[in-house]
>>> print(open('coords15.tsv').read())   # TSV, C-alpha atoms and all ligand atoms
chain	number	residue	atom	x	y	z
A	34	MET	CA	-95.06	-22.54	9.93
A	35	ASP	CA	-92.27	-24.37	8.12
A	36	ILE	CA	-89.48	-26.20	9.89
A	37	THR	CA	-88.19	-28.20	6.92
A	38	SER	CA	-84.60	-29.20	7.66
A	39	TYR	CA	-81.96	-31.92	7.25
A	40	MET	CA	-78.99	-32.24	9.60
A	41	PRO	CA	-77.84	-35.84	10.03
A	42	VAL	CA	-74.73	-35.20	12.19
A	43	LYS	CA	-74.25	-36.66	15.66
A	44	VAL	CA	-73.07	-33.57	17.55
A	45	VAL	CA	-71.14	-34.21	20.76
A	46	CYS	CA	-70.51	-31.09	22.85
A	47	GLY	CA	-68.62	-30.08	25.96
A	48	LYS	CA	-65.23	-29.93	27.60
A	49	GLY	CA	-63.41	-33.26	27.29
A	50	CYS	CA	-65.96	-34.72	24.86
A	51	VAL	CA	-63.34	-36.49	22.65
A	52	LYS	CA	-61.75	-38.30	25.60
A	53	ALA	CA	-65.14	-39.20	27.02
A	54	ASN	CA	-66.42	-40.70	23.75
A	55	THR	CA	-63.51	-42.58	22.17
A	56	SER	CA	-65.76	-45.52	21.29
A	57	LEU	CA	-67.51	-43.37	18.68
A	58	PHE	CA	-64.45	-43.71	16.44
A	59	THR	CA	-64.69	-47.51	16.36
A	60	SER	CA	-67.81	-47.67	14.21
A	61	PHE	CA	-65.95	-46.30	11.18
A	62	GLY	CA	-63.09	-48.80	10.82
A	63	LYS	CA	-59.52	-49.60	11.80
A	64	THR	CA	-57.48	-47.01	9.88
A	65	CYS	CA	-57.96	-43.27	9.41
A	66	LEU	CA	-56.32	-40.22	7.91
A	67	ILE	CA	-56.26	-37.13	10.13
A	68	VAL	CA	-56.56	-33.94	8.08
A	69	THR	CA	-55.39	-30.69	9.69
A	70	GLY	CA	-53.58	-27.41	9.13
A	71	GLY	CA	-50.12	-26.70	10.45
A	72	ASN	CA	-50.84	-25.33	13.87
A	73	SER	CA	-54.10	-25.06	15.72
A	74	ALA	CA	-54.79	-28.79	15.96
A	75	LYS	CA	-51.52	-29.21	17.86
A	76	LYS	CA	-51.63	-26.01	19.92
A	77	SER	CA	-55.21	-26.55	21.04
A	78	GLY	CA	-54.57	-30.07	22.30
A	79	ALA	CA	-57.19	-31.47	19.91
A	80	LEU	CA	-54.69	-33.51	17.87
A	81	ARG	CA	-53.26	-35.07	21.02
A	82	ASP	CA	-56.73	-35.96	22.33
A	83	VAL	CA	-57.71	-37.51	18.99
A	84	THR	CA	-54.52	-39.56	18.57
A	85	GLU	CA	-54.81	-40.81	22.17
A	86	ALA	CA	-58.42	-41.76	21.52
A	87	LEU	CA	-57.47	-43.63	18.33
A	88	GLU	CA	-54.60	-45.45	20.06
A	89	LYS	CA	-56.89	-46.43	22.92
A	90	GLU	CA	-59.31	-47.93	20.40
A	91	ASN	CA	-56.53	-49.65	18.38
A	92	ILE	CA	-57.19	-47.58	15.29
A	93	SER	CA	-54.10	-46.83	13.17
A	94	TYR	CA	-53.70	-43.35	11.68
A	95	GLU	CA	-51.54	-41.03	9.67
A	96	VAL	CA	-51.59	-37.24	9.76
A	97	PHE	CA	-51.89	-34.98	6.70
A	98	ASP	CA	-51.15	-31.50	8.06
A	99	GLU	CA	-50.70	-29.52	4.85
A	100	ILE	CA	-54.11	-27.84	4.67
A	101	THR	CA	-53.73	-24.06	4.33
A	102	GLU	CA	-56.17	-21.23	5.06
A	103	ASN	CA	-58.84	-21.13	2.33
A	104	PRO	CA	-57.97	-24.70	1.33
A	105	TYR	CA	-57.01	-25.52	-2.24
A	106	THR	CA	-58.74	-28.31	-4.13
A	107	ALA	CA	-55.31	-29.65	-5.19
A	108	ASP	CA	-54.21	-30.09	-1.55
A	109	CYS	CA	-57.48	-31.83	-0.66
A	110	HIS	CA	-57.01	-34.06	-3.72
A	111	ARG	CA	-53.49	-34.99	-2.55
A	112	ALA	CA	-54.84	-35.82	0.90
A	113	GLY	CA	-57.47	-38.02	-0.78
A	114	GLN	CA	-54.71	-39.95	-2.55
A	115	LYS	CA	-52.88	-40.29	0.76
A	116	ALA	CA	-56.03	-41.72	2.35
A	117	ARG	CA	-56.21	-44.35	-0.40
A	118	GLU	CA	-52.50	-45.19	-0.02
A	119	ILE	CA	-52.96	-46.04	3.66
A	120	ASN	CA	-56.32	-47.75	3.01
A	121	ALA	CA	-58.08	-45.34	5.32
A	122	ASP	CA	-61.57	-46.40	6.35
A	123	PHE	CA	-62.46	-42.89	7.48
A	124	ILE	CA	-61.24	-39.29	7.73
A	125	VAL	CA	-60.87	-37.15	10.86
A	126	GLY	CA	-60.77	-33.39	10.23
A	127	ILE	CA	-59.35	-31.23	13.03
A	128	GLY	CA	-59.21	-27.44	13.06
A	129	GLY	CA	-61.03	-24.29	12.17
A	130	GLY	CA	-63.13	-23.78	9.05
A	131	SER	CA	-60.34	-24.49	6.56
A	132	PRO	CA	-59.31	-27.98	7.75
A	133	LEU	CA	-62.93	-28.95	8.47
A	134	ASP	CA	-64.12	-27.87	5.02
A	135	ALA	CA	-61.06	-29.47	3.42
A	136	SER	CA	-61.65	-32.79	5.15
A	137	LYS	CA	-65.16	-32.93	3.60
A	138	ALA	CA	-63.52	-32.74	0.17
A	139	VAL	CA	-60.81	-35.24	1.18
A	140	ALA	CA	-63.49	-37.77	2.13
A	141	ILE	CA	-65.04	-37.39	-1.36
A	142	TYR	CA	-61.71	-37.53	-3.25
A	143	ALA	CA	-60.56	-40.56	-1.23
A	144	ALA	CA	-63.58	-42.60	-2.32
A	145	ASN	CA	-63.50	-41.43	-5.94
A	146	PRO	CA	-60.07	-42.03	-7.55
A	147	ASP	CA	-61.30	-40.82	-10.95
A	148	LEU	CA	-62.01	-37.28	-9.77
A	149	ALA	CA	-59.66	-34.51	-10.89
A	150	PRO	CA	-59.42	-31.66	-8.33
A	151	VAL	CA	-61.85	-29.39	-10.20
A	152	ASP	CA	-64.43	-32.16	-10.68
A	153	ILE	CA	-65.56	-31.86	-7.08
A	154	TYR	CA	-67.59	-28.73	-7.90
A	155	SER	CA	-70.00	-30.72	-10.06
A	156	MET	CA	-70.82	-33.02	-7.10
A	157	THR	CA	-71.56	-35.85	-9.52
A	158	HIS	CA	-69.06	-38.34	-8.06
A	159	LYS	CA	-70.13	-42.00	-8.12
A	160	ASN	CA	-69.07	-43.29	-4.71
A	161	LYS	CA	-70.19	-42.17	-1.30
A	162	PRO	CA	-67.46	-40.29	0.62
A	163	LEU	CA	-65.52	-42.00	3.38
A	164	PRO	CA	-67.13	-41.48	6.79
A	165	LEU	CA	-65.99	-38.23	8.34
A	166	VAL	CA	-65.42	-37.18	11.95
A	167	LEU	CA	-64.86	-33.47	12.69
A	168	VAL	CA	-63.20	-31.84	15.69
A	169	GLY	CA	-63.62	-28.05	15.79
A	170	THR	CA	-61.01	-25.67	17.20
A	171	THR	CA	-62.55	-22.26	16.39
A	172	SER	CA	-65.93	-20.59	16.95
A	173	GLY	CA	-67.05	-19.38	13.56
A	174	THR	CA	-67.39	-21.78	10.69
A	175	GLY	CA	-70.26	-23.95	11.94
A	176	SER	CA	-68.91	-26.55	9.50
A	177	GLU	CA	-69.44	-29.15	12.23
A	178	VAL	CA	-73.21	-28.93	11.64
A	179	THR	CA	-73.48	-28.00	7.97
A	180	GLY	CA	-73.46	-29.80	4.66
A	181	VAL	CA	-71.29	-27.07	3.16
A	182	SER	CA	-67.59	-26.81	2.33
A	183	VAL	CA	-65.85	-23.77	0.86
A	184	LEU	CA	-62.80	-24.58	-1.25
A	185	THR	CA	-60.38	-22.51	-3.31
A	186	ASN	CA	-60.30	-23.75	-6.90
A	187	SER	CA	-56.62	-24.46	-7.62
A	188	ASP	CA	-57.20	-23.68	-11.32
A	189	ASN	CA	-58.19	-20.03	-10.77
A	190	SER	CA	-57.64	-19.30	-7.03
A	191	MET	CA	-61.33	-18.41	-6.59
A	192	LYS	CA	-63.33	-19.54	-3.57
A	193	LYS	CA	-66.45	-21.55	-4.27
A	194	SER	CA	-68.62	-23.75	-2.09
A	195	ILE	CA	-69.87	-27.28	-2.52
A	196	SER	CA	-72.84	-28.58	-0.58
A	197	GLY	CA	-75.20	-31.49	-0.23
A	198	PRO	CA	-75.79	-34.70	1.72
A	199	ASP	CA	-72.19	-35.86	1.06
A	200	CYS	CA	-70.76	-32.83	2.88
A	201	TYR	CA	-71.96	-33.79	6.37
A	202	SER	CA	-69.79	-35.44	8.98
A	203	LYS	CA	-70.99	-38.56	10.77
A	204	VAL	CA	-69.84	-37.21	14.15
A	205	SER	CA	-68.73	-33.71	15.18
A	206	PHE	CA	-66.92	-33.11	18.45
A	207	CYS	CA	-67.47	-29.57	19.72
A	208	ASP	CA	-65.23	-28.86	22.71
A	209	TYR	CA	-64.93	-25.11	23.41
A	210	SER	CA	-61.76	-25.70	25.45
A	211	TYR	CA	-59.87	-26.20	22.15
A	212	THR	CA	-60.62	-22.54	21.37
A	213	LEU	CA	-58.92	-21.22	24.53
A	214	THR	CA	-55.61	-20.77	22.65
A	215	VAL	CA	-57.15	-18.88	19.70
A	216	PRO	CA	-55.64	-15.35	19.46
A	217	TYR	CA	-57.79	-12.24	19.93
A	218	SER	CA	-57.93	-11.21	16.25
A	219	VAL	CA	-58.98	-14.68	15.10
A	220	THR	CA	-61.56	-14.84	17.90
A	221	VAL	CA	-63.15	-11.59	16.69
A	222	SER	CA	-63.03	-12.60	13.02
A	223	THR	CA	-64.61	-16.00	13.64
A	224	ALA	CA	-67.34	-14.43	15.80
A	225	LEU	CA	-68.10	-12.06	12.92
A	226	ASP	CA	-68.34	-15.07	10.58
A	227	ALA	CA	-70.84	-16.70	12.93
A	228	PHE	CA	-72.85	-13.46	13.08
A	229	ALA	CA	-72.81	-13.23	9.28
A	230	HIS	CA	-74.18	-16.78	9.03
A	231	ALA	CA	-77.05	-16.01	11.42
A	232	CYS	CA	-77.79	-12.56	10.01
A	233	GLU	CA	-77.68	-13.54	6.32
A	234	GLY	CA	-79.77	-16.61	7.10
A	235	TYR	CA	-82.34	-14.66	9.13
A	236	PHE	CA	-83.18	-12.26	6.31
A	237	SER	CA	-82.80	-14.72	3.44
A	238	SER	CA	-85.87	-15.68	1.41
A	239	THR	CA	-84.95	-19.28	2.31
A	240	ALA	CA	-85.42	-18.72	6.08
A	241	ASN	CA	-88.04	-20.78	7.89
A	242	SER	CA	-89.38	-20.99	11.44
A	243	LEU	CA	-86.59	-23.29	12.59
A	244	SER	CA	-83.73	-21.28	11.06
A	245	ASP	CA	-85.20	-18.19	12.75
A	246	VAL	CA	-85.04	-19.91	16.14
A	247	TYR	CA	-81.39	-20.80	15.52
A	248	ALA	CA	-80.51	-17.31	14.30
A	249	GLU	CA	-82.22	-15.58	17.21
A	250	LYS	CA	-80.33	-17.76	19.68
A	251	ALA	CA	-77.06	-16.87	17.91
A	252	PHE	CA	-77.95	-13.12	18.02
A	253	GLU	CA	-78.60	-13.33	21.76
A	254	MET	CA	-75.30	-15.07	22.48
A	255	LEU	CA	-73.19	-13.02	20.06
A	256	SER	CA	-74.51	-9.66	21.32
A	257	GLU	CA	-72.95	-10.54	24.67
A	258	ALA	CA	-69.65	-11.36	22.93
A	259	PHE	CA	-69.68	-8.20	20.77
A	260	ALA	CA	-70.24	-6.02	23.85
A	261	PHE	CA	-67.21	-7.70	25.38
A	262	PHE	CA	-65.05	-7.15	22.26
A	263	MET	CA	-66.02	-3.47	22.12
A	264	ASN	CA	-65.01	-2.88	25.74
A	265	ASP	CA	-62.11	-5.23	26.26
A	266	LYS	CA	-59.17	-6.29	24.12
A	267	SER	CA	-58.25	-9.18	26.40
A	268	LEU	CA	-58.95	-12.81	25.57
A	269	PRO	CA	-62.40	-14.07	26.56
A	270	ASP	CA	-62.70	-16.23	29.66
A	271	GLU	CA	-63.89	-19.83	29.55
A	272	ASN	CA	-67.56	-18.92	29.88
A	273	MET	CA	-67.33	-16.50	26.96
A	274	ARG	CA	-65.41	-19.07	24.91
A	275	GLU	CA	-68.23	-21.55	25.44
A	276	THR	CA	-70.83	-18.92	24.54
A	277	LEU	CA	-68.94	-18.13	21.32
A	278	TYR	CA	-68.64	-21.78	20.33
A	279	ILE	CA	-72.28	-22.62	20.94
A	280	ALA	CA	-73.31	-19.42	19.13
A	281	SER	CA	-71.28	-20.52	16.10
A	282	LEU	CA	-73.13	-23.86	16.11
A	283	TYR	CA	-76.54	-22.17	16.28
A	284	ALA	CA	-75.47	-19.89	13.42
A	285	GLY	CA	-74.25	-22.93	11.48
A	286	LEU	CA	-77.58	-24.68	12.03
A	287	CYS	CA	-79.31	-21.60	10.62
A	288	LEU	CA	-76.98	-21.44	7.60
A	289	ASN	CA	-77.53	-25.13	6.97
A	290	ILE	CA	-81.20	-24.42	6.29
A	291	THR	CA	-80.90	-21.04	4.58
A	292	GLY	CA	-77.50	-20.74	2.90
A	293	THR	CA	-75.81	-17.33	2.86
A	294	CYS	CA	-76.55	-14.06	1.02
A	295	PHE	CA	-74.40	-11.45	-0.75
A	296	PRO	CA	-71.96	-10.61	2.09
A	297	HIS	CA	-70.42	-14.09	1.85
A	298	THR	CA	-70.16	-14.00	-1.94
A	299	MET	CA	-68.62	-10.53	-1.87
A	300	GLY	CA	-66.40	-11.35	1.09
A	301	TYR	CA	-64.61	-14.00	-0.96
A	302	ILE	CA	-62.88	-11.35	-3.07
A	303	LEU	CA	-61.50	-9.53	-0.02
A	304	THR	CA	-60.00	-12.82	1.14
A	305	GLU	CA	-58.66	-13.85	-2.27
A	306	ASP	CA	-57.08	-10.53	-3.24
A	307	PHE	CA	-56.48	-8.69	0.04
A	308	ASN	CA	-55.83	-11.60	2.37
A	309	ILE	CA	-58.53	-10.48	4.78
A	310	PRO	CA	-59.68	-13.34	7.03
A	311	HIS	CA	-63.04	-14.82	6.04
A	312	GLY	CA	-65.08	-13.52	8.99
A	313	ARG	CA	-63.91	-9.93	8.68
A	314	ALA	CA	-64.22	-10.10	4.89
A	315	CYS	CA	-67.90	-11.08	5.08
A	316	ALA	CA	-68.53	-8.60	7.90
A	317	ALA	CA	-67.27	-5.82	5.60
A	318	PHE	CA	-70.60	-6.08	3.76
A	319	ILE	CA	-72.87	-6.88	6.71
A	320	PRO	CA	-73.72	-3.21	7.46
A	321	ASP	CA	-75.03	-2.86	3.85
A	322	PHE	CA	-76.97	-6.08	4.33
A	323	ILE	CA	-78.49	-4.91	7.63
A	324	LYS	CA	-79.57	-1.59	6.10
A	325	ILE	CA	-81.24	-3.41	3.19
A	326	SER	CA	-82.96	-5.74	5.68
A	327	TYR	CA	-84.29	-2.73	7.63
A	328	GLU	CA	-85.70	-1.34	4.42
A	329	PHE	CA	-87.38	-4.48	3.11
A	330	MET	CA	-88.06	-6.52	6.27
A	331	PRO	CA	-88.46	-3.86	8.98
A	332	ALA	CA	-90.41	-5.98	11.48
A	333	LYS	CA	-87.86	-8.77	11.45
A	334	ALA	CA	-84.99	-6.29	11.57
A	335	GLN	CA	-86.52	-4.64	14.63
A	336	ARG	CA	-86.83	-8.04	16.21
A	337	MET	CA	-83.11	-8.75	15.67
A	338	SER	CA	-82.21	-5.35	17.13
A	339	GLY	CA	-84.44	-6.00	20.12
A	340	ILE	CA	-82.73	-9.32	20.81
A	341	MET	CA	-79.34	-7.65	20.50
A	342	ASN	CA	-80.51	-4.63	22.52
A	343	THR	CA	-79.34	-2.20	19.88
A	344	ASP	CA	-80.55	-0.25	16.82
A	345	CYS	CA	-79.63	-0.30	13.16
A	346	ASP	CA	-76.98	2.45	13.25
A	347	THR	CA	-75.32	1.27	16.46
A	348	LEU	CA	-75.18	-2.32	15.21
A	349	CYS	CA	-73.75	-1.35	11.82
A	350	ASN	CA	-71.21	0.92	13.48
A	351	MET	CA	-70.11	-1.87	15.83
A	352	ILE	CA	-69.71	-4.37	12.98
A	353	GLU	CA	-67.66	-1.80	11.01
A	354	ILE	CA	-65.33	-1.25	13.97
A	355	LEU	CA	-64.87	-4.97	14.59
A	356	ALA	CA	-64.40	-5.78	10.88
A	357	ASP	CA	-61.81	-2.98	10.61
A	358	ILE	CA	-61.52	-3.02	6.81
A	359	ASN	CA	-59.06	-0.58	5.33
A	360	ILE	CA	-58.42	-1.35	1.68
A	361	THR	CA	-58.43	0.36	-1.69
A	362	ILE	CA	-59.50	-1.60	-4.73
A	363	PRO	CA	-57.39	-0.67	-7.77
A	364	ASP	CA	-59.25	0.15	-10.99
A	365	GLU	CA	-57.89	-2.96	-12.71
A	366	ALA	CA	-59.30	-5.27	-10.03
A	367	PHE	CA	-62.60	-3.40	-9.98
A	368	GLU	CA	-63.07	-4.12	-13.69
A	369	ARG	CA	-62.50	-7.80	-12.98
A	370	TYR	CA	-65.01	-7.88	-10.09
A	371	SER	CA	-67.69	-6.13	-12.07
A	372	HIS	CA	-67.61	-9.04	-14.54
A	373	ARG	CA	-67.38	-11.75	-11.92
A	374	TRP	CA	-71.00	-12.07	-10.92
A	375	SER	CA	-73.69	-12.83	-13.43
A	376	ASP	CA	-77.36	-12.96	-12.46
A	377	PRO	CA	-79.15	-14.96	-11.34
A	378	LEU	CA	-76.80	-15.76	-8.46
A	379	LYS	CA	-78.57	-17.58	-5.66
A	380	ASN	CA	-76.80	-15.67	-2.84
A	381	PHE	CA	-77.94	-12.41	-4.45
A	382	SER	CA	-81.47	-13.41	-5.36
A	383	ARG	CA	-82.34	-14.62	-1.85
A	384	THR	CA	-81.21	-11.30	-0.36
A	385	PRO	CA	-84.16	-9.01	0.57
A	386	GLY	CA	-85.20	-6.50	-2.10
A	387	ASN	CA	-84.12	-6.92	-5.65
A	388	PHE	CA	-80.39	-7.40	-5.12
A	389	THR	CA	-78.44	-8.03	-8.32
A	390	SER	CA	-74.83	-8.10	-9.45
A	391	ALA	CA	-75.23	-4.38	-10.27
A	392	SER	CA	-76.11	-3.75	-6.60
A	393	ALA	CA	-72.95	-5.61	-5.56
A	394	VAL	CA	-70.79	-3.52	-7.87
A	395	GLU	CA	-72.38	-0.35	-6.48
A	396	ILE	CA	-71.42	-1.39	-2.93
A	397	LEU	CA	-67.86	-2.20	-4.02
A	398	LYS	CA	-67.39	1.32	-5.39
A	399	ARG	CA	-66.90	2.50	-1.81
A	400	TYR	CA	-63.51	0.77	-1.83
A	401	MET	CA	-62.35	2.10	-5.20
A	402	SER	CA	-59.19	4.14	-5.51
B	1	FE	FE	-68.71	-18.03	6.68
>>> encode(input="coords15.tsv", output="C-alpha cells", more="lines below")
Ligand SMILES: [Fe+2]
Amino acid sequence: MDITSYMPVKVVCGKGCVKANTSLFTSFGKTCLIVTGGNSAKKSGALRDVTEALEKENISYEVFDEITENPYTADCHRAGQKAREINADFIVGIGGGSPLDASKAVAIYAANPDLAPVDIYSMTHKNKPLPLVLVGTTSGTGSEVTGVSVLTNSDNSMKKSISGPDCYSKVSFCDYSYTLTVPYSVTVSTALDAFAHACEGYFSSTANSLSDVYAEKAFEMLSEAFAFFMNDKSLPDENMRETLYIASLYAGLCLNITGTCFPHTMGYILTEDFNIPHGRACAAFIPDFIKISYEFMPAKAQRMSGIMNTDCDTLCNMIEILADINITIPDEAFERYSHRWSDPLKNFSRTPGNFTSASAVEILKRYMS
C-alpha cells in the first residue's frame, strides 16, 4: 500500500466561497495582478466576486485579461512584467484551464525578471514564484489542485507542460456556481478532460493506492454525467454542475500523483493543428487507451467498468460519440508527427504494455488521408 503524495494547496469549495472567505487574500499582500482570459471570468461572476473581495480587504489590483486558449509563454511573460510594474505581491488567476495554467507561469515570470519566455521549461529559475490564488470557472482542468501547467511555447507553437512544487497555488477557490454559464459543448469537453485525467492516472505505472481512490471517485461521478450527456443535450442543472466540478477535482488529485499517459501527449497535436478543444482532443485517444488497459490490466479495467456500470465496448463507444472527432491528417503533417516523439517519453512509458512512439504513430494512421 503506497499513498505517497504532495498537494500543498488550501482548497476552499462551495457556492459563494470567495465572498465568504475574503480574509484569505490578506495574507499575501496589498497589491495583486488578476490574470484571466477575455470572457468567462466576467460572464461567470467570478471576476466581480474577486474584485469585490479585494476592495473589501483594501487590496489594490489590476487586471490582465489577454490570456488566450492554450496560453502562450510570451503572453504569460508579458503578464509577469505587468505584475512587476505594479509591484504586485501576489497573482490571482481566474478562469478555466488556460488562465489558471497561465497564472502559474505568470507568478514565476513575475519573480524572475531574467527569464526569457522559453526559459520557463527548464524550471531552473532562482526566485520562488509570487504567491498564487486560483478561482476556477470550468469543470475539467483540475489545475486548482495540481502542480502542473500546460503552456504553448511561443517559439514553436507546441504545447508542453511544466510541473513541480512552484506550480501549486496557495489557495484555490472552487465554486461550481461559476460553471453555470459554461456552454454545453465546453461542458462536455471539460468533462472528457477530467475523465482522461482519472482514466490515464488509474492505469499509469505511477498510480498508487491514493490516486486509485481519487480516480474511482471521479469515475463514479462522471458516469452519472456521461449518462446525462448521452440522453440530454440541455445544460446540466445545479446538482449536476456541482457533481462535474467535484469530479474534476478528484481527477486532478489523481493526475497530481500519477501524471498523464499517451492520450494527453497525442491530444496536443489535435489542439495545435486542428483547433480541437483540449478535452475532446485527449478523449480522441482514450478508447485506444482503454482497450490497451483491458489487455494489460484486466482486473483493474473490470473494476473501472463496474464502477461506471458499463463494459469496454460501451464505454469506448460513448467516449467516441462525446469526443466527436472528425478530422483527416494530411500526409505532410503525418510525416511531422511521426518525428515528433522520441522514446523514452514518460507519458508513453508509463502507459500499460510496451507503448512507444511507434505505437502512437500506428494509432494516428486512423486519421490519415
Ligand atoms: Fe487535461
>>> residues_near_ligand(input="coords15.tsv", ligand="ligand FE 1 (chain B)", cutoff="8 Å", atoms="all atoms listed in the file", output="ChimeraX atom specification")
/A:173-174,226-227,229-230,297,311-312,315
>>> closest_residue(input="coords15.tsv", among="A:Ser222, A:Ser182, A:Ser371, A:Ser238", to="Cys200 (chain A)", atoms="only C-alpha atoms")
A:Ser182
>>> closest_residue(input="coords15.tsv", among="A:Pro377, A:Pro132, A:Pro269, A:Gly47", to="Val219 (chain A)", atoms="all atoms listed in the file")
A:Pro269
>>> residues_near_point(input="coords15.tsv", point="(-59.7, -25.4, -0.1)", cutoff="12 Å", atoms="all atoms listed in the file", output="MDAnalysis selection string")
chainID A and resid 69:70 99:112 130:139 150:151 153:154 182:188 190:195 305
>>> write_last_selection(input="coords15.tsv", atoms="C-alpha atoms", output="CSV table (one decimal), keeping the file's coordinate frame")
chain,number,residue,atom,x,y,z
A,69,THR,CA,-55.4,-30.7,9.7
A,70,GLY,CA,-53.6,-27.4,9.1
A,99,GLU,CA,-50.7,-29.5,4.8
A,100,ILE,CA,-54.1,-27.8,4.7
A,101,THR,CA,-53.7,-24.1,4.3
A,102,GLU,CA,-56.2,-21.2,5.1
A,103,ASN,CA,-58.8,-21.1,2.3
A,104,PRO,CA,-58.0,-24.7,1.3
A,105,TYR,CA,-57.0,-25.5,-2.2
A,106,THR,CA,-58.7,-28.3,-4.1
A,107,ALA,CA,-55.3,-29.6,-5.2
A,108,ASP,CA,-54.2,-30.1,-1.6
A,109,CYS,CA,-57.5,-31.8,-0.7
A,110,HIS,CA,-57.0,-34.1,-3.7
A,111,ARG,CA,-53.5,-35.0,-2.6
A,112,ALA,CA,-54.8,-35.8,0.9
A,130,GLY,CA,-63.1,-23.8,9.0
A,131,SER,CA,-60.3,-24.5,6.6
A,132,PRO,CA,-59.3,-28.0,7.8
A,133,LEU,CA,-62.9,-29.0,8.5
A,134,ASP,CA,-64.1,-27.9,5.0
A,135,ALA,CA,-61.1,-29.5,3.4
A,136,SER,CA,-61.6,-32.8,5.2
A,137,LYS,CA,-65.2,-32.9,3.6
A,138,ALA,CA,-63.5,-32.7,0.2
A,139,VAL,CA,-60.8,-35.2,1.2
A,150,PRO,CA,-59.4,-31.7,-8.3
A,151,VAL,CA,-61.8,-29.4,-10.2
A,153,ILE,CA,-65.6,-31.9,-7.1
A,154,TYR,CA,-67.6,-28.7,-7.9
A,182,SER,CA,-67.6,-26.8,2.3
A,183,VAL,CA,-65.8,-23.8,0.9
A,184,LEU,CA,-62.8,-24.6,-1.2
A,185,THR,CA,-60.4,-22.5,-3.3
A,186,ASN,CA,-60.3,-23.8,-6.9
A,187,SER,CA,-56.6,-24.5,-7.6
A,188,ASP,CA,-57.2,-23.7,-11.3
A,190,SER,CA,-57.6,-19.3,-7.0
A,191,MET,CA,-61.3,-18.4,-6.6
A,192,LYS,CA,-63.3,-19.5,-3.6
A,193,LYS,CA,-66.4,-21.6,-4.3
A,194,SER,CA,-68.6,-23.8,-2.1
A,195,ILE,CA,-69.9,-27.3,-2.5
A,305,GLU,CA,-58.7,-13.8,-2.3
>>> atom_distance(input="coords15.tsv", atom1="CA of Lys333 (chain A)", atom2="CA of Phe236 (chain A)")
7.8 Å
>>> closest_residue(input="coords15.tsv", among="A:Cys65, A:Ala140, A:Ala248, A:Leu80", to="Ile119 (chain A)", atoms="all atoms listed in the file")
A:Cys65
>>> closest_atom_pairs(input="coords15.tsv", of="region 289-349 of chain A", to="region 257-263 of chain A", cutoff="10 Å", atoms="all atoms listed in the file", output="tab-separated table")
residue	atom	partner	partner_atom	distance
A:Met341	CA	A:Glu257	CA	8.2
A:Asn342	CA	A:Glu257	CA	9.8
A:Leu348	CA	A:Phe259	CA	9.8
>>> closest_residue(input="coords15.tsv", among="A:Asp98, A:Glu88, A:Asp199, A:Glu328", to="Tyr142 (chain A)", atoms="all atoms listed in the file")
A:Asp199
>>> residues_around(input="coords15.tsv", residues="Asp376 (chain A)", least_positions_apart="4", cutoff="9 Å", atoms="only C-alpha atoms", output="list of chain:residue names")
A:Phe381, A:Ser382, A:Thr389, A:Ser390
>>> atom_distance(input="coords15.tsv", atom1="CA of Ser176 (chain A)", atom2="CA of Arg81 (chain A)")
21.2 Å
>>> closest_residue(input="coords15.tsv", among="A:Ala332, A:Ala356, A:Ala53, A:Leu288", to="Thr220 (chain A)", atoms="all atoms listed in the file")
A:Ala356
>>> closest_residue(input="coords15.tsv", among="A:Phe206, A:Tyr211, A:Trp374, A:Phe318", to="Pro296 (chain A)", atoms="only C-alpha atoms")
A:Phe318
>>> residues_around(input="coords15.tsv", residues="Leu163 (chain A)", least_positions_apart="5", cutoff="9 Å", atoms="all atoms listed in the file", output="PyMOL selection string")
chain A and resi 61+121-124+139-144
>>> build_atoms(input="coords15.tsv", residues="region 118-129 of chain A", atoms="N, CA and C atoms", output="short mmCIF file (atom, residue, chain, number, x, y, z; two decimals), in the frame of the given file")
data_model
loop_
_atom_site.label_atom_id
_atom_site.label_comp_id
_atom_site.auth_asym_id
_atom_site.auth_seq_id
_atom_site.Cartn_x
_atom_site.Cartn_y
_atom_site.Cartn_z
N GLU A 118 -53.79 -44.48 -0.20
CA GLU A 118 -52.50 -45.19 -0.02
C GLU A 118 -52.46 -45.96 1.30
N ILE A 119 -53.02 -45.37 2.35
CA ILE A 119 -52.96 -46.04 3.66
C ILE A 119 -54.22 -46.88 3.91
N ASN A 120 -55.06 -47.01 2.88
CA ASN A 120 -56.32 -47.75 3.01
C ASN A 120 -57.18 -47.25 4.16
N ALA A 121 -57.28 -45.94 4.23
CA ALA A 121 -58.08 -45.34 5.32
C ALA A 121 -59.55 -45.75 5.19
N ASP A 122 -60.13 -46.10 6.33
CA ASP A 122 -61.57 -46.40 6.35
C ASP A 122 -62.39 -45.13 6.58
N PHE A 123 -61.74 -44.15 7.23
CA PHE A 123 -62.46 -42.89 7.48
C PHE A 123 -61.48 -41.74 7.63
N ILE A 124 -62.03 -40.53 7.65
CA ILE A 124 -61.24 -39.29 7.73
C ILE A 124 -61.60 -38.59 9.04
N VAL A 125 -60.60 -38.02 9.70
CA VAL A 125 -60.87 -37.15 10.86
C VAL A 125 -60.32 -35.76 10.53
N GLY A 126 -61.18 -34.77 10.48
CA GLY A 126 -60.77 -33.39 10.23
C GLY A 126 -60.67 -32.65 11.55
N ILE A 127 -59.53 -31.98 11.78
CA ILE A 127 -59.35 -31.23 13.03
C ILE A 127 -58.94 -29.80 12.70
N GLY A 128 -59.65 -28.82 13.25
CA GLY A 128 -59.21 -27.44 13.06
C GLY A 128 -60.35 -26.46 12.99
N GLY A 129 -60.01 -25.31 12.42
CA GLY A 129 -61.03 -24.29 12.17
C GLY A 129 -61.70 -24.59 10.84
#
